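A short write-up of the structure that comes next.
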Amino acid sequence: MSSVGNEYPQSKVETPKRSEWPLWEVFIRGQHGMNHRHVGSLHAVDAEMAIKNARDVYTRRNEGVSIWVVEAHHIAASSPSDKGPFYEPAESKIYRHPTFFDIPDDVGAM
Amino acid sequence: MAHDPDLFEFLCRMGDNTLVLGHRVSEWCGFAPVLEEDIALANIALDLIGQTRMWLGLADEVEGAGRSADDLAMLRDVWDFRNVLLVEQPNGDFGQTMMRQFLFDAWHLRMLEALTTSTNTRIAEIAAKAVKEVSYHVERSSGTVIGLGDGTVESHSRMQAALDLLWPYVGELFSTDKVDVAMTQAGIAPDPASLRAGFDAYVGGVLAEAMLTIPDGDFAHKGGKTGFRHSEHLGHMLTQMQWLQRAYPGSSW
């Protein structure tokens, strides 16, 4: 590492306060996947850079064939404190699962 | 394969370019300014080392002297290396590393594209595999050069300083000697000079978008690809890269 950072005199320009790049959430569709799955997050200045960074950080082992990125602040999330009213009413309604009838073979993947 | 000294020389040039630049880029591992760049640089370094294995592996077959790709990489000393001077230049700051990468990538992509139609099918196959990796390298380094060149006052001044420092190393990429003439006549590789117009058009476009000015003059440092005279930096780099084989000759794992 001896060669890094020793080439230039210190710049006279005043250093601006270091600010983090925006956070992006990354979704990748795998080789045989039907849909995109959330795989993690990263920082980037814009969408194009986020896609490139996602390619480098999350598809190194041939994980994906398609990448979506979305800036984290665009995601609206449910509140953990709403857990009871939000999800518990569905627990007792097992008849909503499509397990009480046969699906014809030619329907394909559900 | 019959021993052809010119072909061996040509393959060493291709392999040494990717070996030396791959090692230089790997020096950033764990030190890059942000995590995402750190991983991206490591990926690029690994792509280049992978290409080195193919070029020097074929060089071994052509030479027929039983020197494997590892032997060629780790047991030769400075004067036997055939990389261009550009790739052995120190990393400097991040901007200087990216400018060096951009200038090399822009040449590398055009060279590999031409080699995909080589009369030597082994070379054409290596080029076809490498060209996909390098298409991404040039896309990434171009984007970074534009982002930093047309960025802040600080980043712009550093990128211009990097361009001023590295531009005199561009000319060597397009210089022609008897090895190149032999390769061109055999239809194995393009005349390096024939790649210049495409390089200038592409690089000129990116640098204009990056608000950077190409220095005047066409002076070119030379002596790397012919092995006549490397810069002082390569020897220092090899002491790191070849440390293990120098300290413990013949060790393997």
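Labels used: A, B, ... for chains in the order of the structure tokens, numbers from 1 for residues in each chain, and numbers from 1 for ligands as shown.
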
Closest contacts (chain B/chain A, max 6 Å, only C-alpha atoms) as CSV:
```
residue,atom,partner,partner_atom,distance
B:Glu27,CA,A:Met1,CA,5.6
B:Glu36,CA,A:Asn53,CA,5.9
B:Ala40,CA,A:Asp56,CA,5.3
B:Pro90,CA,A:Ser3,CA,5.4
B:Asn91,CA,A:Val4,CA,5.3
B:Gly92,CA,A:Val4,CA,4.8
B:Asp93,CA,A:Gly5,CA,4.5
```

Preceding selection exported with N, CA and C atoms as a PDB file, in the first residue's frame:
```pdb
ATOM      1  N   GLU B  27      -3.878  -3.488  -4.665  1.00  0.00           N
ATOM      2  CA  GLU B  27      -3.287  -2.756  -3.536  1.00  0.00           C
ATOM      3  C   GLU B  27      -4.329  -1.906  -2.798  1.00  0.00           C
ATOM      4  N   GLU B  36     -18.296   0.067  -1.344  1.00  0.00           N
ATOM      5  CA  GLU B  36     -18.736  -0.391  -2.660  1.00  0.00           C
ATOM      6  C   GLU B  36     -17.594  -0.319  -3.673  1.00  0.00           C
ATOM      7  N   ALA B  40     -15.701  -3.304  -5.776  1.00  0.00           N
ATOM      8  CA  ALA B  40     -15.639  -3.188  -7.235  1.00  0.00           C
ATOM      9  C   ALA B  40     -14.194  -3.266  -7.725  1.00  0.00           C
ATOM     10  N   PRO B  90       2.368   4.232  -9.975  1.00  0.00           N
ATOM     11  CA  PRO B  90       1.767   4.062  -8.647  1.00  0.00           C
ATOM     12  C   PRO B  90       0.294   4.472  -8.608  1.00  0.00           C
ATOM     13  N   ASN B  91      -0.414   3.948  -7.632  1.00  0.00           N
ATOM     14  CA  ASN B  91      -1.836   4.242  -7.503  1.00  0.00           C
ATOM     15  C   ASN B  91      -2.112   5.715  -7.248  1.00  0.00           C
ATOM     16  N   GLY B  92      -1.210   6.406  -6.539  1.00  0.00           N
ATOM     17  CA  GLY B  92      -1.487   7.798  -6.193  1.00  0.00           C
ATOM     18  C   GLY B  92      -2.748   7.884  -5.353  1.00  0.00           C
ATOM     19  N   ASP B  93      -3.545   8.932  -5.612  1.00  0.00           N
ATOM     20  CA  ASP B  93      -4.828   8.999  -4.911  1.00  0.00           C
ATOM     21  C   ASP B  93      -5.863   8.217  -5.725  1.00  0.00           C
TER      22      ASP B  93
END
```

Item to check | strand (DSSP E or B) positions in range 18-77 of chain A, given as a VMD selection string | outcome: chain A and resid 23 to 30 37 to 43 64 to 71

Item to check | Atomic distance CA of Asn62 in chain A - CA of His38 in chain A, expressed in Å with one decimal | outcome: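 Interatomic distance here is 16.0 Å.
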
Checklist entry - Do you have the CA of Phe104 in chain B-CA of Thr144 in chain B distance handy? => result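 Between CA of Phe104 in chain B and CA of Thr144 in chain B the gap is 14.1 Å.
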
DSSP says helix (DSSP H, G or I) for which residues of chain A? Put them as a PDB file with N, CA and C atoms, in the first residue's frame?
```pdb
ATOM      1  N   ALA A  47     -28.963   6.487  -9.294  1.00  0.00           N
ATOM      2  CA  ALA A  47     -29.492   5.155  -9.602  1.00  0.00           C
ATOM      3  C   ALA A  47     -28.515   4.349 -10.453  1.00  0.00           C
ATOM      4  N   GLU A  48     -27.879   5.008 -11.406  1.00  0.00           N
ATOM      5  CA  GLU A  48     -26.963   4.301 -12.301  1.00  0.00           C
ATOM      6  C   GLU A  48     -25.794   3.708 -11.506  1.00  0.00           C
ATOM      7  N   MET A  49     -25.260   4.520 -10.593  1.00  0.00           N
ATOM      8  CA  MET A  49     -24.161   4.047  -9.758  1.00  0.00           C
ATOM      9  C   MET A  49     -24.642   2.962  -8.790  1.00  0.00           C
ATOM     10  N   ALA A  50     -25.871   3.078  -8.336  1.00  0.00           N
ATOM     11  CA  ALA A  50     -26.412   2.063  -7.427  1.00  0.00           C
ATOM     12  C   ALA A  50     -26.508   0.709  -8.126  1.00  0.00           C
ATOM     13  N   ILE A  51     -26.928   0.734  -9.401  1.00  0.00           N
ATOM     14  CA  ILE A  51     -27.023  -0.521 -10.165  1.00  0.00           C
ATOM     15  C   ILE A  51     -25.629  -1.137 -10.331  1.00  0.00           C
ATOM     16  N   LYS A  52     -24.650  -0.293 -10.676  1.00  0.00           N
ATOM     17  CA  LYS A  52     -23.287  -0.806 -10.861  1.00  0.00           C
ATOM     18  C   LYS A  52     -22.744  -1.354  -9.541  1.00  0.00           C
ATOM     19  N   ASN A  53     -22.955  -0.601  -8.455  1.00  0.00           N
ATOM     20  CA  ASN A  53     -22.465  -1.083  -7.162  1.00  0.00           C
ATOM     21  C   ASN A  53     -23.161  -2.384  -6.764  1.00  0.00           C
ATOM     22  N   ALA A  54     -24.453  -2.477  -7.062  1.00  0.00           N
ATOM     23  CA  ALA A  54     -25.192  -3.698  -6.727  1.00  0.00           C
ATOM     24  C   ALA A  54     -24.631  -4.875  -7.510  1.00  0.00           C
ATOM     25  N   ARG A  55     -24.286  -4.614  -8.770  1.00  0.00           N
ATOM     26  CA  ARG A  55     -23.682  -5.660  -9.603  1.00  0.00           C
ATOM     27  C   ARG A  55     -22.387  -6.147  -8.965  1.00  0.00           C
ATOM     28  N   ASP A  56     -21.597  -5.208  -8.456  1.00  0.00           N
ATOM     29  CA  ASP A  56     -20.299  -5.583  -7.896  1.00  0.00           C
ATOM     30  C   ASP A  56     -20.410  -6.191  -6.501  1.00  0.00           C
ATOM     31  N   VAL A  57     -21.367  -5.710  -5.714  1.00  0.00           N
ATOM     32  CA  VAL A  57     -21.445  -6.180  -4.331  1.00  0.00           C
ATOM     33  C   VAL A  57     -22.282  -7.445  -4.209  1.00  0.00           C
ATOM     34  N   TYR A  58     -23.360  -7.548  -5.015  1.00  0.00           N
ATOM     35  CA  TYR A  58     -24.333  -8.627  -4.773  1.00  0.00           C
ATOM     36  C   TYR A  58     -24.432  -9.686  -5.876  1.00  0.00           C
ATOM     37  N   ALA A  72     -33.800   4.165  -0.392  1.00  0.00           N
ATOM     38  CA  ALA A  72     -34.457   3.632   0.806  1.00  0.00           C
ATOM     39  C   ALA A  72     -35.585   4.530   1.298  1.00  0.00           C
ATOM     40  N   HIS A  73     -35.435   5.861   1.135  1.00  0.00           N
ATOM     41  CA  HIS A  73     -36.477   6.735   1.698  1.00  0.00           C
ATOM     42  C   HIS A  73     -37.779   6.681   0.913  1.00  0.00           C
ATOM     43  N   HIS A  74     -37.752   6.047  -0.277  1.00  0.00           N
ATOM     44  CA  HIS A  74     -38.988   5.900  -1.044  1.00  0.00           C
ATOM     45  C   HIS A  74     -39.824   4.722  -0.566  1.00  0.00           C
ATOM     46  N   PRO A  80     -43.789  -1.462  13.360  1.00  0.00           N
ATOM     47  CA  PRO A  80     -43.760  -2.657  14.205  1.00  0.00           C
ATOM     48  C   PRO A  80     -44.830  -2.617  15.295  1.00  0.00           C
ATOM     49  N   SER A  81     -45.209  -1.423  15.750  1.00  0.00           N
ATOM     50  CA  SER A  81     -46.179  -1.341  16.841  1.00  0.00           C
ATOM     51  C   SER A  81     -47.596  -1.695  16.377  1.00  0.00           C
ATOM     52  N   ASP A  82     -47.812  -1.712  15.049  1.00  0.00           N
ATOM     53  CA  ASP A  82     -49.130  -2.088  14.530  1.00  0.00           C
ATOM     54  C   ASP A  82     -49.280  -3.591  14.373  1.00  0.00           C
ATOM     55  N   LYS A  83     -48.291  -4.345  14.830  1.00  0.00           N
ATOM     56  CA  LYS A  83     -48.227  -5.768  14.547  1.00  0.00           C
ATOM     57  C   LYS A  83     -49.537  -6.479  14.902  1.00  0.00           C
ATOM     58  N   GLY A  84     -50.065  -6.213  16.091  1.00  0.00           N
ATOM     59  CA  GLY A  84     -51.285  -6.882  16.543  1.00  0.00           C
ATOM     60  C   GLY A  84     -52.448  -6.665  15.591  1.00  0.00           C
ATOM     61  N   PRO A  85     -52.931  -5.421  15.487  1.00  0.00           N
ATOM     62  CA  PRO A  85     -54.081  -5.175  14.631  1.00  0.00           C
ATOM     63  C   PRO A  85     -53.834  -5.537  13.166  1.00  0.00           C
ATOM     64  N   PHE A  86     -52.586  -5.413  12.741  1.00  0.00           N
ATOM     65  CA  PHE A  86     -52.292  -5.644  11.324  1.00  0.00           C
ATOM     66  C   PHE A  86     -52.374  -7.117  10.953  1.00  0.00           C
ATOM     67  N   TYR A  87     -51.752  -7.961  11.767  1.00  0.00           N
ATOM     68  CA  TYR A  87     -51.529  -9.337  11.315  1.00  0.00           C
ATOM     69  C   TYR A  87     -52.318 -10.397  12.071  1.00  0.00           C
ATOM     70  N   GLU A  88     -52.620 -10.129  13.325  1.00  0.00           N
ATOM     71  CA  GLU A  88     -53.271 -11.186  14.097  1.00  0.00           C
ATOM     72  C   GLU A  88     -54.648 -11.584  13.573  1.00  0.00           C
ATOM     73  N   PRO A  89     -55.449 -10.662  13.049  1.00  0.00           N
ATOM     74  CA  PRO A  89     -56.769 -11.079  12.560  1.00  0.00           C
ATOM     75  C   PRO A  89     -56.700 -12.163  11.487  1.00  0.00           C
ATOM     76  N   ALA A  90     -55.609 -12.261  10.749  1.00  0.00           N
ATOM     77  CA  ALA A  90     -55.509 -13.259   9.680  1.00  0.00           C
ATOM     78  C   ALA A  90     -55.130 -14.631  10.212  1.00  0.00           C
ATOM     79  N   GLU A  91     -54.605 -14.657  11.465  1.00  0.00           N
ATOM     80  CA  GLU A  91     -54.098 -15.938  11.981  1.00  0.00           C
ATOM     81  C   GLU A  91     -55.186 -17.000  12.071  1.00  0.00           C
ATOM     82  N   ILE A  94     -57.685 -19.662   8.509  1.00  0.00           N
ATOM     83  CA  ILE A  94     -56.899 -20.586   7.682  1.00  0.00           C
ATOM     84  C   ILE A  94     -57.571 -20.894   6.359  1.00  0.00           C
ATOM     85  N   TYR A  95     -58.903 -20.680   6.279  1.00  0.00           N
ATOM     86  CA  TYR A  95     -59.605 -20.980   5.020  1.00  0.00           C
ATOM     87  C   TYR A  95     -59.181 -20.051   3.899  1.00  0.00           C
ATOM     88  N   ARG A  96     -58.398 -19.036   4.231  1.00  0.00           N
ATOM     89  CA  ARG A  96     -57.905 -18.141   3.166  1.00  0.00           C
ATOM     90  C   ARG A  96     -56.711 -18.748   2.416  1.00  0.00           C
ATOM     91  N   ASP A 105     -53.065 -29.153 -12.983  1.00  0.00           N
ATOM     92  CA  ASP A 105     -51.648 -29.124 -13.357  1.00  0.00           C
ATOM     93  C   ASP A 105     -51.316 -28.015 -14.346  1.00  0.00           C
ATOM     94  N   ASP A 106     -52.229 -27.771 -15.312  1.00  0.00           N
ATOM     95  CA  ASP A 106     -51.868 -26.821 -16.366  1.00  0.00           C
ATOM     96  C   ASP A 106     -51.943 -25.364 -15.899  1.00  0.00           C
ATOM     97  N   VAL A 107     -52.280 -25.146 -14.630  1.00  0.00           N
ATOM     98  CA  VAL A 107     -52.205 -23.780 -14.107  1.00  0.00           C
ATOM     99  C   VAL A 107     -50.729 -23.344 -13.950  1.00  0.00           C
TER     100      VAL A 107
END
```

Next on the checklist: Which residues are near range 170-184 of chain B? Cut-off 9 Å, only C-alpha atoms, ignore same chain within fewer than 6 positions. Put them as a list in words.
Outcome noted: Pro5, Asp6, Leu7, Glu9, Phe10, Val84, Leu85, Leu86, Leu103, Phe104, Trp107, Pro190, Asp191, Pro192, Ala193, Ser194, Leu195, Arg196, Asp218, Phe219, Ala220, His221, Lys222, Gly223, Gly224, Lys225 and Thr226 of chain B

Dump of N, CA and C atoms for the selected residues, as a PDB file, in the first residue's frame:
```
ATOM      1  N   PRO B   5       9.045 -16.967 -31.108  1.00  0.00           N
ATOM      2  CA  PRO B   5       9.467 -15.951 -30.133  1.00  0.00           C
ATOM      3  C   PRO B   5       8.607 -14.689 -30.172  1.00  0.00           C
ATOM      4  N   ASP B   6       8.180 -14.287 -31.374  1.00  0.00           N
ATOM      5  CA  ASP B   6       7.350 -13.077 -31.460  1.00  0.00           C
ATOM      6  C   ASP B   6       5.991 -13.284 -30.801  1.00  0.00           C
ATOM      7  N   LEU B   7       5.418 -14.474 -31.030  1.00  0.00           N
ATOM      8  CA  LEU B   7       4.117 -14.764 -30.429  1.00  0.00           C
ATOM      9  C   LEU B   7       4.245 -14.827 -28.910  1.00  0.00           C
ATOM     10  N   GLU B   9       6.419 -13.265 -27.107  1.00  0.00           N
ATOM     11  CA  GLU B   9       6.587 -11.882 -26.661  1.00  0.00           C
ATOM     12  C   GLU B   9       5.245 -11.155 -26.605  1.00  0.00           C
ATOM     13  N   PHE B  10       4.456 -11.345 -27.641  1.00  0.00           N
ATOM     14  CA  PHE B  10       3.144 -10.690 -27.694  1.00  0.00           C
ATOM     15  C   PHE B  10       2.259 -11.144 -26.529  1.00  0.00           C
ATOM     16  N   VAL B  84       3.189  -2.264 -20.509  1.00  0.00           N
ATOM     17  CA  VAL B  84       3.393  -0.839 -20.801  1.00  0.00           C
ATOM     18  C   VAL B  84       3.633  -0.088 -19.494  1.00  0.00           C
ATOM     19  N   LEU B  85       4.314   1.054 -19.610  1.00  0.00           N
ATOM     20  CA  LEU B  85       4.683   1.827 -18.417  1.00  0.00           C
ATOM     21  C   LEU B  85       3.453   2.350 -17.663  1.00  0.00           C
ATOM     22  N   LEU B  86       2.367   2.598 -18.398  1.00  0.00           N
ATOM     23  CA  LEU B  86       1.164   3.148 -17.757  1.00  0.00           C
ATOM     24  C   LEU B  86       0.714   2.298 -16.569  1.00  0.00           C
ATOM     25  N   LEU B 103      -7.809   5.093 -18.856  1.00  0.00           N
ATOM     26  CA  LEU B 103      -6.978   5.156 -20.059  1.00  0.00           C
ATOM     27  C   LEU B 103      -6.612   3.749 -20.531  1.00  0.00           C
ATOM     28  N   PHE B 104      -6.306   2.866 -19.574  1.00  0.00           N
ATOM     29  CA  PHE B 104      -5.978   1.493 -19.965  1.00  0.00           C
ATOM     30  C   PHE B 104      -7.212   0.771 -20.509  1.00  0.00           C
ATOM     31  N   TRP B 107      -8.116   1.559 -24.095  1.00  0.00           N
ATOM     32  CA  TRP B 107      -7.253   0.852 -25.045  1.00  0.00           C
ATOM     33  C   TRP B 107      -7.551  -0.652 -25.030  1.00  0.00           C
ATOM     34  N   PRO B 190      -3.953  -6.833 -34.206  1.00  0.00           N
ATOM     35  CA  PRO B 190      -4.027  -5.623 -35.026  1.00  0.00           C
ATOM     36  C   PRO B 190      -2.749  -4.804 -34.899  1.00  0.00           C
ATOM     37  N   ASP B 191      -2.505  -3.939 -35.872  1.00  0.00           N
ATOM     38  CA  ASP B 191      -1.452  -2.942 -35.732  1.00  0.00           C
ATOM     39  C   ASP B 191      -1.890  -1.996 -34.618  1.00  0.00           C
ATOM     40  N   PRO B 192      -1.077  -1.841 -33.558  1.00  0.00           N
ATOM     41  CA  PRO B 192      -1.508  -0.990 -32.440  1.00  0.00           C
ATOM     42  C   PRO B 192      -1.943   0.406 -32.891  1.00  0.00           C
ATOM     43  N   ALA B 193      -1.236   0.944 -33.890  1.00  0.00           N
ATOM     44  CA  ALA B 193      -1.546   2.308 -34.345  1.00  0.00           C
ATOM     45  C   ALA B 193      -2.972   2.395 -34.892  1.00  0.00           C
ATOM     46  N   SER B 194      -3.502   1.272 -35.389  1.00  0.00           N
ATOM     47  CA  SER B 194      -4.837   1.303 -35.984  1.00  0.00           C
ATOM     48  C   SER B 194      -5.936   1.483 -34.935  1.00  0.00           C
ATOM     49  N   LEU B 195      -5.575   1.304 -33.645  1.00  0.00           N
ATOM     50  CA  LEU B 195      -6.578   1.447 -32.584  1.00  0.00           C
ATOM     51  C   LEU B 195      -6.677   2.891 -32.083  1.00  0.00           C
ATOM     52  N   ARG B 196      -5.764   3.727 -32.524  1.00  0.00           N
ATOM     53  CA  ARG B 196      -5.646   5.067 -31.942  1.00  0.00           C
ATOM     54  C   ARG B 196      -6.866   5.941 -32.216  1.00  0.00           C
ATOM     55  N   ASP B 218       2.622  15.513 -27.859  1.00  0.00           N
ATOM     56  CA  ASP B 218       2.454  14.078 -28.047  1.00  0.00           C
ATOM     57  C   ASP B 218       3.660  13.301 -27.530  1.00  0.00           C
ATOM     58  N   PHE B 219       4.372  13.892 -26.563  1.00  0.00           N
ATOM     59  CA  PHE B 219       5.491  13.160 -25.980  1.00  0.00           C
ATOM     60  C   PHE B 219       4.988  11.883 -25.323  1.00  0.00           C
ATOM     61  N   ALA B 220       5.715  10.790 -25.545  1.00  0.00           N
ATOM     62  CA  ALA B 220       5.287   9.512 -24.960  1.00  0.00           C
ATOM     63  C   ALA B 220       6.473   8.817 -24.306  1.00  0.00           C
ATOM     64  N   HIS B 221       6.314   8.487 -23.026  1.00  0.00           N
ATOM     65  CA  HIS B 221       7.309   7.632 -22.365  1.00  0.00           C
ATOM     66  C   HIS B 221       7.228   6.248 -22.984  1.00  0.00           C
ATOM     67  N   LYS B 222       8.373   5.635 -23.268  1.00  0.00           N
ATOM     68  CA  LYS B 222       8.367   4.293 -23.853  1.00  0.00           C
ATOM     69  C   LYS B 222       9.412   3.422 -23.185  1.00  0.00           C
ATOM     70  N   GLY B 223       9.349   2.139 -23.455  1.00  0.00           N
ATOM     71  CA  GLY B 223      10.362   1.225 -22.937  1.00  0.00           C
ATOM     72  C   GLY B 223       9.789   0.102 -22.092  1.00  0.00           C
ATOM     73  N   GLY B 224       8.487   0.151 -21.809  1.00  0.00           N
ATOM     74  CA  GLY B 224       7.873  -0.903 -21.007  1.00  0.00           C
ATOM     75  C   GLY B 224       7.580  -2.149 -21.797  1.00  0.00           C
ATOM     76  N   LYS B 225       6.844  -2.000 -22.898  1.00  0.00           N
ATOM     77  CA  LYS B 225       6.416  -3.190 -23.643  1.00  0.00           C
ATOM     78  C   LYS B 225       7.582  -3.863 -24.378  1.00  0.00           C
ATOM     79  N   THR B 226       8.631  -3.097 -24.667  1.00  0.00           N
ATOM     80  CA  THR B 226       9.800  -3.733 -25.280  1.00  0.00           C
ATOM     81  C   THR B 226      10.751  -4.277 -24.216  1.00  0.00           C
TER      82      THR B 226
END
```
